[in-house]
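To be precise, the following lines are coords11.tsv, and they hold TSV, C-alpha atoms and all ligand atoms.
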chain	number	residue	atom	x	y	z
A	191	MET	CA	10.82	-47.11	-6.55
A	192	THR	CA	9.75	-43.82	-4.90
A	193	GLU	CA	6.11	-43.07	-5.57
A	194	LEU	CA	5.60	-39.62	-7.05
A	195	PRO	CA	2.92	-37.30	-5.71
A	196	PRO	CA	0.37	-36.33	-8.39
A	197	ALA	CA	1.81	-32.79	-8.61
A	198	HIS	CA	5.03	-34.18	-10.04
A	199	PHE	CA	3.57	-36.59	-12.52
A	200	ARG	CA	5.01	-35.77	-15.95
A	201	ALA	CA	6.97	-32.84	-14.57
A	202	ASP	CA	9.66	-31.56	-16.96
A	203	VAL	CA	13.23	-31.96	-15.76
A	204	LEU	CA	16.23	-30.57	-17.63
A	205	VAL	CA	19.35	-32.66	-17.00
A	206	VAL	CA	22.66	-30.98	-17.82
A	207	ASP	CA	25.89	-32.99	-17.87
A	208	ASP	CA	28.78	-32.98	-20.32
A	209	ASN	CA	29.34	-36.67	-19.60
A	210	GLN	CA	27.20	-38.74	-21.99
A	211	ALA	CA	27.17	-41.79	-19.73
A	212	ASN	CA	26.01	-39.81	-16.68
A	213	LEU	CA	23.37	-38.08	-18.75
A	214	ARG	CA	22.00	-41.37	-20.03
A	215	LEU	CA	21.96	-42.86	-16.55
A	216	LEU	CA	20.03	-39.95	-15.04
A	217	THR	CA	17.63	-39.80	-17.98
A	218	ASP	CA	16.80	-43.49	-17.58
A	219	VAL	CA	16.20	-43.15	-13.87
A	220	LEU	CA	14.05	-40.03	-14.24
A	221	SER	CA	12.04	-41.43	-17.14
A	222	SER	CA	11.28	-44.49	-15.09
A	223	GLY	CA	10.00	-42.08	-12.42
A	224	SER	CA	7.49	-40.63	-14.90
A	225	TYR	CA	9.37	-37.38	-15.52
A	226	ARG	CA	9.67	-35.86	-18.94
A	227	VAL	CA	13.41	-35.44	-19.42
A	228	HIS	CA	15.26	-32.85	-21.54
A	229	GLU	CA	18.98	-33.37	-22.03
A	230	ALA	CA	21.76	-30.84	-22.45
A	231	LEU	CA	25.47	-31.62	-22.89
A	232	SER	CA	26.76	-28.07	-22.28
A	233	GLY	CA	25.97	-24.78	-20.52
A	234	PRO	CA	24.84	-22.89	-23.66
A	235	ASP	CA	22.62	-25.85	-24.65
A	236	ALA	CA	21.12	-25.83	-21.15
A	237	LEU	CA	20.28	-22.11	-21.35
A	238	ARG	CA	18.64	-22.56	-24.75
A	239	LEU	CA	16.57	-25.53	-23.55
A	240	ALA	CA	15.61	-23.76	-20.33
A	241	GLN	CA	14.16	-20.95	-22.47
A	242	SER	CA	12.30	-23.16	-24.93
A	243	ALA	CA	11.15	-26.07	-22.73
A	244	ARG	CA	10.61	-24.07	-19.47
A	245	PRO	CA	11.34	-27.11	-17.29
A	246	ASP	CA	9.95	-27.47	-13.77
A	247	LEU	CA	13.41	-28.26	-12.43
A	248	VAL	CA	17.05	-28.31	-13.58
A	249	LEU	CA	19.58	-30.96	-12.58
A	250	LEU	CA	22.90	-29.24	-13.27
A	251	ASP	CA	26.40	-30.64	-13.32
A	252	ILE	CA	28.93	-28.25	-11.81
A	253	SER	CA	32.09	-29.08	-13.66
A	254	MET	CA	31.67	-28.70	-17.37
A	255	PRO	CA	34.14	-27.30	-19.92
A	256	GLY	CA	33.46	-23.76	-21.11
A	257	MET	CA	30.48	-22.51	-19.17
A	258	ASP	CA	30.36	-24.35	-15.82
A	259	GLY	CA	27.27	-25.14	-13.76
A	260	PHE	CA	27.65	-22.07	-11.53
A	261	GLN	CA	27.68	-19.75	-14.53
A	262	VAL	CA	24.65	-21.49	-16.02
A	263	CYS	CA	22.81	-21.12	-12.72
A	264	GLU	CA	23.71	-17.43	-12.46
A	265	ARG	CA	22.39	-16.82	-15.97
A	266	LEU	CA	19.17	-18.70	-15.18
A	267	LYS	CA	18.65	-16.64	-12.01
A	268	ALA	CA	19.34	-13.38	-13.83
A	269	ASP	CA	16.53	-13.99	-16.32
A	270	ALA	CA	12.98	-13.26	-15.11
A	271	CYS	CA	11.63	-16.13	-17.28
A	272	THR	CA	13.83	-18.81	-15.72
A	273	ARG	CA	14.54	-17.29	-12.28
A	274	ASP	CA	12.00	-19.40	-10.42
A	275	ILE	CA	13.06	-22.78	-11.81
A	276	PRO	CA	14.73	-24.68	-8.97
A	277	VAL	CA	18.29	-25.84	-9.69
A	278	ILE	CA	19.76	-28.96	-8.07
A	279	PHE	CA	23.52	-29.20	-8.54
A	280	ILE	CA	25.35	-32.39	-9.30
A	281	SER	CA	28.67	-32.38	-7.48
A	282	ALA	CA	31.52	-34.75	-6.67
A	283	LEU	CA	31.10	-36.19	-3.16
A	284	SER	CA	34.11	-34.51	-1.55
A	285	ASP	CA	33.57	-30.94	-2.76
A	286	THR	CA	32.19	-28.92	0.19
A	287	ASP	CA	33.25	-25.67	-1.50
A	288	ASP	CA	31.19	-26.59	-4.55
A	289	VAL	CA	28.14	-27.20	-2.39
A	290	VAL	CA	28.47	-23.81	-0.63
A	291	ARG	CA	29.08	-21.94	-3.88
A	292	GLY	CA	26.10	-23.77	-5.41
A	293	PHE	CA	23.76	-22.36	-2.74
A	294	GLU	CA	25.33	-18.92	-3.13
A	295	VAL	CA	24.52	-18.73	-6.82
A	296	GLY	CA	20.90	-19.75	-6.22
A	297	GLY	CA	20.88	-23.58	-6.18
A	298	VAL	CA	18.30	-25.18	-3.88
A	299	ASP	CA	19.90	-28.55	-3.27
A	300	TYR	CA	22.63	-30.84	-4.53
A	301	ILE	CA	23.15	-34.51	-5.32
A	302	THR	CA	26.48	-36.23	-5.28
A	303	LYS	CA	28.25	-38.64	-7.58
A	304	PRO	CA	28.15	-41.62	-7.63
A	305	PHE	CA	24.34	-41.31	-7.77
A	306	LYS	CA	22.07	-43.02	-5.27
A	307	PHE	CA	18.98	-43.18	-7.38
A	308	ARG	CA	16.35	-43.35	-4.65
A	309	GLU	CA	17.93	-40.26	-3.11
A	310	VAL	CA	18.02	-38.44	-6.45
A	311	LEU	CA	14.31	-39.10	-7.00
A	312	ALA	CA	13.45	-38.13	-3.43
A	313	ARG	CA	15.32	-34.80	-3.68
A	314	ILE	CA	13.72	-33.95	-6.99
A	315	ALA	CA	10.27	-34.84	-5.64
A	316	SER	CA	10.77	-32.71	-2.54
A	317	GLN	CA	11.86	-29.65	-4.58
A	318	LEU	CA	8.90	-30.04	-6.92
A	319	THR	CA	6.57	-30.26	-3.92
A	320	LEU	CA	8.02	-26.96	-2.68
A	321	VAL	CA	7.53	-25.34	-6.08
A	322	HIS	CA	3.98	-26.60	-6.21
A	323	GLN	CA	3.24	-25.30	-2.71
A	324	ARG	CA	4.78	-21.91	-3.56
A	325	GLN	CA	2.61	-21.70	-6.66
A	326	GLU	CA	-0.48	-22.56	-4.62
A	327	ILE	CA	0.36	-19.89	-2.03
A	328	GLU	CA	0.95	-17.34	-4.80
A	329	ALA	CA	-2.39	-18.27	-6.41
A	330	LEU	CA	-4.16	-17.87	-3.05
A	331	ARG	CA	-2.46	-14.51	-2.53
A	332	ARG	CA	-3.57	-13.39	-5.98
A	333	GLN	CA	-7.10	-14.52	-5.22
A	334	ASP	CA	-7.04	-12.65	-1.87
A	335	ARG	CA	-5.78	-9.52	-3.58
A	336	GLN	CA	-8.52	-9.72	-6.19
A	337	THR	CA	-11.20	-10.32	-3.53
A	338	PHE	CA	-9.88	-7.40	-1.50
A	339	GLU	CA	-9.80	-5.09	-4.50
A	340	SER	CA	-13.31	-6.01	-5.55
A	341	LEU	CA	-14.61	-5.56	-1.96
A	342	SER	CA	-12.90	-2.20	-1.77
A	343	ARG	CA	-14.47	-1.17	-5.09
A	344	MET	CA	-17.89	-2.34	-3.85
A	345	LYS	CA	-17.43	-0.40	-0.60
A	346	ASN	CA	-16.54	2.78	-2.44
A	347	GLU	CA	-19.41	2.36	-4.88
A	348	PHE	CA	-21.80	1.75	-1.99
A	349	ILE	CA	-20.58	4.84	-0.13
A	350	ARG	CA	-20.85	6.90	-3.29
A	351	MET	CA	-24.41	5.82	-3.94
A	352	ALA	CA	-25.48	6.11	-0.32
A	353	THR	CA	-24.01	9.58	0.03
A	354	HIS	CA	-25.61	10.82	-3.17
A	355	ASP	CA	-28.97	9.45	-2.05
A	356	LEU	CA	-28.58	11.04	1.39
A	357	ARG	CA	-27.45	14.43	0.19
A	358	ASN	CA	-30.60	15.21	-1.78
A	359	PRO	CA	-33.12	14.59	1.04
A	360	LEU	CA	-30.94	16.66	3.37
A	361	ASN	CA	-31.06	19.59	0.97
A	362	VAL	CA	-34.83	19.21	0.74
A	363	ILE	CA	-35.15	19.32	4.55
A	364	LEU	CA	-33.00	22.47	4.67
A	365	GLY	CA	-35.16	24.07	2.00
A	366	TYR	CA	-38.33	23.43	3.99
A	367	THR	CA	-36.85	24.70	7.24
A	368	SER	CA	-36.13	28.04	5.58
A	369	VAL	CA	-39.78	28.12	4.45
A	370	LEU	CA	-40.91	27.43	8.02
A	371	GLU	CA	-38.60	30.15	9.35
A	372	ARG	CA	-40.41	32.73	7.25
A	373	LEU	CA	-43.87	31.47	8.25
A	374	ALA	CA	-45.96	33.73	10.46
A	375	VAL	CA	-46.68	31.88	13.72
A	376	ALA	CA	-48.48	33.02	16.83
A	377	ASP	CA	-46.12	34.88	19.17
A	378	GLU	CA	-46.42	32.30	21.92
A	379	HIS	CA	-45.09	29.61	19.51
A	380	ARG	CA	-42.30	31.68	17.93
A	381	ALA	CA	-39.59	30.78	20.47
A	382	LEU	CA	-40.36	27.06	20.30
A	383	MET	CA	-40.48	27.18	16.52
A	384	ASP	CA	-37.09	28.93	16.31
A	385	GLU	CA	-35.56	26.43	18.73
A	386	ALA	CA	-36.90	23.48	16.73
A	387	LEU	CA	-35.71	24.92	13.43
A	388	GLN	CA	-32.27	25.62	14.86
A	389	ALA	CA	-32.03	22.04	16.10
A	390	ILE	CA	-33.12	20.65	12.73
A	391	ASN	CA	-30.68	22.89	10.85
A	392	GLY	CA	-27.80	22.02	13.17
A	393	ASN	CA	-28.37	18.31	12.81
A	394	VAL	CA	-28.87	18.44	9.08
A	395	GLU	CA	-25.58	20.37	8.79
A	396	LYS	CA	-23.84	17.64	10.82
A	397	MET	CA	-25.24	14.93	8.55
A	398	ARG	CA	-24.34	16.92	5.46
A	399	LYS	CA	-20.73	17.23	6.65
A	400	LEU	CA	-20.55	13.49	7.39
A	401	VAL	CA	-22.02	12.57	4.04
A	402	THR	CA	-19.69	14.95	2.18
A	403	ASP	CA	-16.64	13.65	4.04
A	404	MET	CA	-17.61	10.02	3.34
A	405	LEU	CA	-18.01	10.75	-0.35
A	406	ASP	CA	-14.74	12.68	-0.46
A	407	LEU	CA	-12.82	9.92	1.31
A	408	ALA	CA	-14.17	7.22	-1.03
A	409	GLN	CA	-13.16	9.33	-4.03
A	410	MET	CA	-9.80	10.54	-2.73
A	411	GLU	CA	-8.72	6.96	-1.97
A	412	THR	CA	-9.42	5.73	-5.47
A	413	SER	CA	-11.06	7.58	-8.30
A	414	TRP	CA	-10.39	11.30	-7.77
A	415	GLN	CA	-8.48	12.70	-10.75
A	416	PHE	CA	-5.75	14.91	-9.31
A	417	LYS	CA	-4.36	17.59	-11.63
A	418	PRO	CA	-0.73	18.23	-10.65
A	419	ALA	CA	0.72	21.52	-11.92
A	420	PRO	CA	3.68	23.70	-10.93
A	421	VAL	CA	2.71	25.99	-8.07
A	422	SER	CA	4.55	28.14	-5.53
A	423	LEU	CA	4.39	26.33	-2.19
A	424	ALA	CA	5.01	29.60	-0.35
A	425	GLY	CA	2.09	31.23	-2.16
A	426	LEU	CA	-0.19	28.26	-1.54
A	427	LEU	CA	0.59	28.31	2.19
A	428	GLU	CA	0.18	32.11	2.49
A	429	LYS	CA	-3.28	31.86	0.95
A	430	ALA	CA	-4.30	28.88	3.09
A	431	VAL	CA	-3.02	30.33	6.36
A	432	GLY	CA	-4.41	33.79	5.47
A	433	SER	CA	-7.94	32.43	5.31
A	434	PHE	CA	-7.77	31.40	8.97
A	435	HIS	CA	-6.37	34.62	10.52
A	436	LEU	CA	-9.79	35.95	11.47
A	437	ILE	CA	-11.01	32.73	13.10
A	438	ALA	CA	-7.69	32.36	14.95
A	439	GLU	CA	-7.94	35.94	16.17
A	440	GLN	CA	-11.46	35.32	17.45
A	441	LYS	CA	-10.14	32.33	19.42
A	442	GLY	CA	-7.22	34.36	20.70
A	443	ILE	CA	-4.83	31.98	18.97
A	444	ALA	CA	-1.57	33.21	17.41
A	445	LEU	CA	-1.33	31.71	13.91
A	446	SER	CA	2.05	32.05	12.20
A	447	LEU	CA	3.60	30.93	8.92
A	448	THR	CA	7.27	30.29	8.16
A	449	PRO	CA	7.36	29.61	4.40
A	450	PRO	CA	10.31	28.04	2.62
A	451	ALA	CA	12.87	30.36	1.02
A	452	GLY	CA	14.00	30.59	-2.61
A	453	ASP	CA	12.30	28.85	-5.50
A	454	THR	CA	9.44	27.00	-3.81
A	455	THR	CA	7.87	25.50	-6.93
A	456	VAL	CA	6.22	22.13	-6.38
A	457	VAL	CA	4.17	20.07	-8.80
A	458	VAL	CA	0.99	19.15	-6.96
A	459	ASP	CA	-2.76	19.43	-7.21
A	460	ALA	CA	-3.00	22.84	-5.56
A	461	ASN	CA	-6.65	22.43	-4.49
A	462	ALA	CA	-5.99	19.07	-2.87
A	463	ILE	CA	-2.85	20.22	-1.04
A	464	THR	CA	-4.65	23.38	0.10
A	465	ARG	CA	-7.29	21.07	1.52
A	466	VAL	CA	-4.61	19.12	3.39
A	467	VAL	CA	-3.24	22.31	4.96
A	468	ASP	CA	-6.77	23.62	5.68
A	469	ASN	CA	-7.77	20.40	7.44
A	470	LEU	CA	-4.64	20.38	9.58
A	471	ILE	CA	-5.16	24.03	10.58
A	472	VAL	CA	-8.88	23.44	11.30
A	473	ASN	CA	-7.90	20.57	13.59
A	474	ALA	CA	-5.22	22.64	15.30
A	475	LEU	CA	-7.83	25.36	15.89
A	476	LYS	CA	-10.33	22.80	17.21
A	477	TYR	CA	-7.93	21.12	19.59
A	478	THR	CA	-6.01	24.16	20.86
A	479	PRO	CA	-7.53	26.12	23.73
A	480	LEU	CA	-7.97	29.88	23.85
A	481	GLY	CA	-4.70	31.80	23.85
A	482	GLY	CA	-2.71	29.01	22.19
A	483	ARG	CA	-0.25	29.02	19.26
A	484	ILE	CA	-0.36	27.41	15.85
A	485	ALA	CA	2.75	27.43	13.67
A	486	VAL	CA	2.75	26.39	10.02
A	487	ARG	CA	6.28	25.76	8.71
A	488	ALA	CA	7.54	24.47	5.41
A	489	LYS	CA	10.96	23.62	4.05
A	490	LEU	CA	12.41	22.05	0.94
A	491	ARG	CA	14.84	19.17	1.24
A	492	GLY	CA	16.20	17.90	-2.08
A	493	GLN	CA	13.35	16.35	-3.99
A	494	TYR	CA	10.91	16.73	-1.10
A	495	ALA	CA	8.76	19.45	0.43
A	496	ILE	CA	8.00	19.19	4.13
A	497	ILE	CA	4.96	20.97	5.56
A	498	GLN	CA	4.43	21.01	9.32
A	499	VAL	CA	1.41	22.21	11.26
A	500	GLY	CA	2.21	22.44	14.97
A	501	ASP	CA	0.10	23.54	17.90
A	502	ASN	CA	0.42	23.75	21.64
A	503	GLY	CA	-3.05	22.29	22.18
A	504	ILE	CA	-4.41	19.30	24.07
A	505	GLY	CA	-2.17	16.74	22.34
A	506	ILE	CA	-2.92	13.10	21.48
A	507	PRO	CA	-2.35	10.17	23.86
A	508	PRO	CA	0.42	7.83	22.54
A	509	GLU	CA	-1.99	4.88	22.26
A	510	ASP	CA	-4.30	6.92	19.99
A	511	ALA	CA	-1.67	8.61	17.82
A	512	PRO	CA	-1.19	5.67	15.36
A	513	HIS	CA	-4.96	5.54	14.73
A	514	VAL	CA	-5.91	9.18	14.15
A	515	PHE	CA	-5.52	8.69	10.37
A	516	ASP	CA	-8.03	5.80	10.40
A	517	ALA	CA	-11.52	6.56	9.09
A	518	PHE	CA	-14.01	7.48	11.84
A	519	TYR	CA	-11.36	7.36	14.58
A	520	ARG	CA	-11.78	10.08	17.21
A	521	VAL	CA	-9.84	10.32	20.46
A	522	LYS	CA	-12.08	10.22	23.53
A	523	GLN	CA	-11.02	13.49	25.05
A	524	ALA	CA	-12.12	14.02	28.62
A	525	ASN	CA	-10.66	17.53	28.56
A	526	ASN	CA	-12.29	18.49	25.28
A	527	PRO	CA	-15.48	16.47	24.93
A	528	ASP	CA	-17.60	19.01	23.06
A	529	VAL	CA	-15.52	19.39	19.92
A	530	GLU	CA	-17.51	18.09	17.00
A	531	GLY	CA	-16.16	16.13	14.08
A	532	THR	CA	-16.66	13.14	11.84
A	533	GLY	CA	-13.31	11.42	12.39
A	534	LEU	CA	-12.80	11.52	8.62
A	535	GLY	CA	-10.73	14.70	8.19
A	536	LEU	CA	-7.33	13.12	8.72
A	537	SER	CA	-8.15	10.04	6.62
A	538	ILE	CA	-9.00	12.36	3.72
A	539	VAL	CA	-5.72	14.23	4.34
A	540	LYS	CA	-3.78	10.95	4.35
A	541	ALA	CA	-5.47	9.73	1.16
A	542	ILE	CA	-4.56	12.97	-0.66
A	543	VAL	CA	-0.96	12.89	0.59
A	544	GLU	CA	-0.47	9.23	-0.32
A	545	ARG	CA	-1.99	9.66	-3.77
A	546	HIS	CA	0.66	12.37	-4.28
A	547	GLY	CA	3.33	9.79	-3.36
A	548	GLY	CA	3.96	11.38	0.05
A	549	ARG	CA	3.44	10.46	3.67
A	550	ILE	CA	2.11	12.03	6.82
A	551	ASP	CA	2.79	11.42	10.50
A	552	VAL	CA	2.21	13.05	13.85
A	553	ARG	CA	4.32	13.68	16.92
A	554	SER	CA	2.33	14.64	19.94
A	555	LYS	CA	2.38	14.95	23.72
A	556	VAL	CA	-0.72	15.20	25.85
A	557	GLY	CA	-1.01	18.71	27.27
A	558	ALA	CA	1.93	20.00	25.23
A	559	GLY	CA	0.64	19.88	21.64
A	560	SER	CA	0.98	18.14	18.30
A	561	VAL	CA	3.00	18.48	15.13
A	562	PHE	CA	1.63	16.98	11.92
A	563	SER	CA	4.32	16.56	9.24
A	564	VAL	CA	3.57	16.05	5.56
A	565	VAL	CA	6.39	14.99	3.23
A	566	LEU	CA	5.62	15.43	-0.47
A	567	PRO	CA	7.74	14.70	-3.55
A	568	ARG	CA	8.30	18.08	-5.26
A	569	GLY	CA	7.51	16.44	-8.59
A	570	SER	CA	9.13	17.13	-11.93
A	571	ARG	CA	9.46	20.93	-12.21
A	572	SER	CA	11.12	21.18	-15.61
B	1	LIG	P1	-12.30	15.01	13.56
B	1	LIG	O1	-13.39	15.33	12.62
B	1	LIG	O2	-12.76	14.21	14.74
B	1	LIG	O3	-11.46	16.18	13.94
B	1	LIG	P2	-9.97	13.95	12.20
B	1	LIG	O4	-9.84	12.76	11.33
B	1	LIG	O5	-9.61	15.27	11.61
B	1	LIG	O6	-11.45	13.95	12.75
B	1	LIG	O7	-9.07	13.74	13.48
B	1	LIG	C1	-9.16	12.50	14.17
B	1	LIG	C2	-8.89	12.71	15.64
B	1	LIG	O8	-7.53	13.06	15.84
B	1	LIG	C3	-9.70	13.84	16.25
B	1	LIG	O9	-10.98	13.39	16.67
B	1	LIG	C4	-8.82	14.22	17.42
B	1	LIG	O10	-9.09	13.39	18.51
B	1	LIG	C5	-7.41	13.95	16.95
B	1	LIG	N1	-6.72	15.16	16.48
B	1	LIG	C6	-6.57	15.59	15.21
B	1	LIG	N2	-5.85	16.72	15.14
B	1	LIG	C7	-5.50	17.01	16.41
B	1	LIG	C8	-4.75	18.07	17.02
B	1	LIG	N3	-4.18	19.04	16.28
B	1	LIG	N4	-4.59	18.03	18.36
B	1	LIG	C9	-5.16	17.06	19.10
B	1	LIG	N5	-5.88	16.05	18.59
B	1	LIG	C10	-6.05	16.02	17.27

Would you mind writing the file's structure down as structure tokens?
Amino acid sequence: MTELPPAHFRADVLVVDDNQANLRLLTDVLSSGSYRVHEALSGPDALRLAQSARPDLVLLDISMPGMDGFQVCERLKADACTRDIPVIFISALSDTDDVVRGFEVGGVDYITKPFKFREVLARIASQLTLVHQRQEIEALRRQDRQTFESLSRMKNEFIRMATHDLRNPLNVILGYTSVLERLAVADEHRALMDEALQAINGNVEKMRKLVTDMLDLAQMETSWQFKPAPVSLAGLLEKAVGSFHLIAEQKGIALSLTPPAGDTTVVVDANAITRVVDNLIVNALKYTPLGGRIAVRAKLRGQYAIIQVGDNGIGIPPEDAPHVFDAFYRVKQANNPDVEGTGLGLSIVKAIVERHGGRIDVRSKVGAGSVFSVVLPRGSRS
């Protein structure tokens, strides 16, 4: 007799056949193979037993009066509780159509009458091995997911703590530099003192920005409580764009807004979405040379709002474009090496957009410019 792998020992098999003699025969063979056998003489009986006994496998006769094997299988597959139980059909040897239909309705294998018992046991064992392997893979996946989630939580907690602990000393340094600035020093040392203080202030500012961005990213990705409320998208954009007119003018950059027409109500966290638009405009200003153009456009399409920030700046090389939303990623720009940044702005933008159920992408051409497009669900406005 076929030796059963340990995984199958005492596995529960539901045998369904309206023919008493066949049922007995299969039950005897399976019991001798150390399976626990449940018997059903009809389709409805089989469905009831599948629910109560939750077998590991069903051996299902196709031709039965009333509800046939195909119908039973369809019902098993339609129910979330029994969907994953493998079904092996029992068919008459000649019926190719039966075999094909059996696979179509979700069967995994078939055995033919008259039974060859070694084959029956081998097929059952092989299906149970597959089930067992699938369960193991699923368990590993679950474990991986849990490990990943706990690592991600640890990372965010670490960043949060580190940034809090860094922010305070930075503020203390800034406080002392302002004291030093006011200190009376001999004239010959004044210039050196001012230079040193400027350097300290500049670097502390850089660190403060990095620390703030790191903290924001960690929070935006997970714990930040967004407060969606109905807001006019046109109004939000006018305010956001308006706050950059002066800076754009100073850089000789033409900044324009084409707001959507009609009722532009969207349900979003206005502060967060303003931050998205701000960040995109700041970037466009940083990466567009003097005399350039920045166009902010928005339109409404069905249930979605689309916001685009386009510029005719330096552009992004195609190999870098997919990575600009990654944390700390900055394009090495030979033509614009002095622009400062943390490489976190776009990852914060992406986190906000995705937590609103939207998405962001970029189309860009080196030397011609970039267009960042944000698609947001308009949310329930009733
Ligand atoms: P950073 O603080 O470096 O600006 P971001 O996450 O905002 O960080 O952007 C990541 C990188 O994407 C930038 O370093 C820059 O190389 C590129 N980038 C972003 N916006 C633009 C733009 N409008 N034009 C060209 N390059 C851009």

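For the choices A:Gly425, A:Gly505, A:Pro276, A:Gly392, the atom-to-atom distance to ligand LIG 1 (chain B) is smallest for A:Gly505 when using all atoms listed in the file.
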
Top pick for closest residue to His322 in chain A, considering A:Ala201, A:Val369, A:Leu475, A:Glu339 and counting only C-alpha atoms: A:Ala201

Env of range 351-360 of chain A: 12 Å cut, atoms = only C-alpha atoms, seq-sep filter 2 positions within chain, self excluded. Answer as a PyMOL selection string. chain A and resi 344-349+362-367+390-409

Using all atoms of ligand LIG 1 (chain B) listed in the file and a margin of 6 Å per side, can you give the axis-aligned box centre and edge lengths in Å to one decimal, as JSON?
{"center_x": -8.8, "center_y": 15.8, "center_z": 15.2, "size_x": 21.2, "size_y": 18.5, "size_z": 19.8}

At most 9 Å from ligand LIG 1 (chain B) (all atoms listed in the file): residue list as a VMD selection string: chain A and resid 469 to 478 499 to 507 510 to 511 513 to 523 529 to 539 552 554 556 559 to 562

So which one's closest to Ile301 in chain A, A:Glu509, A:Asp251, A:Glu411, A:Asp202? Using only C-alpha atoms, please.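 The closest residue to Ile301 in chain A is A:Asp251.
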
What's the 7 Å shell around Gln498 in chain A, counting all atoms listed in the file, without same-chain residues fewer than 4 positions away, as a list in words?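 Counting all atoms listed in the file, the residues come to Val486, Arg487, Ala488, Val561, Phe562, Ser563 and Val564 of chain A.
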
Using only C-alpha atoms, which residue out of A:Asp207, A:Arg380, A:Ala386, A:Ile497 lies closest to Leu426 in chain A?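 Of the candidates, the smallest distance to Leu426 in chain A is held by A:Ile497.
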
As an exercise, work out the distance from CA of Asp287 in chain A to CA of Gln317 in chain A in Å and give it to one decimal place.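 About the pair CA of Asp287 in chain A and CA of Gln317 in chain A: they are 22.0 Å apart.
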
Which distance in Å separates CA of Arg545 in chain A and CA of Gly569 in chain A, to one decimal?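 One can read the CA of Arg545 in chain A to CA of Gly569 in chain A distance as 12.6 Å.
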
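If only C-alpha atoms are the atoms counted, then among A:Gly557, A:Ile496, A:Asp528, A:Val298 the closest residue to Pro508 in chain A is A:Gly557.
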
Please, what distance in Å, to one decimal, runs between CA of Gln493 in chain A and CA of Thr455 in chain A?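 Between CA of Gln493 in chain A and CA of Thr455 in chain A the gap works out to 11.1 Å.
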
Using all atoms listed in the file, which of the listed residues (A:Leu216, A:Ala240, A:Val466, A:Ala419) sits closest to Cys271 in chain A?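 Closest residue, counting all atoms listed in the file: A:Ala240.
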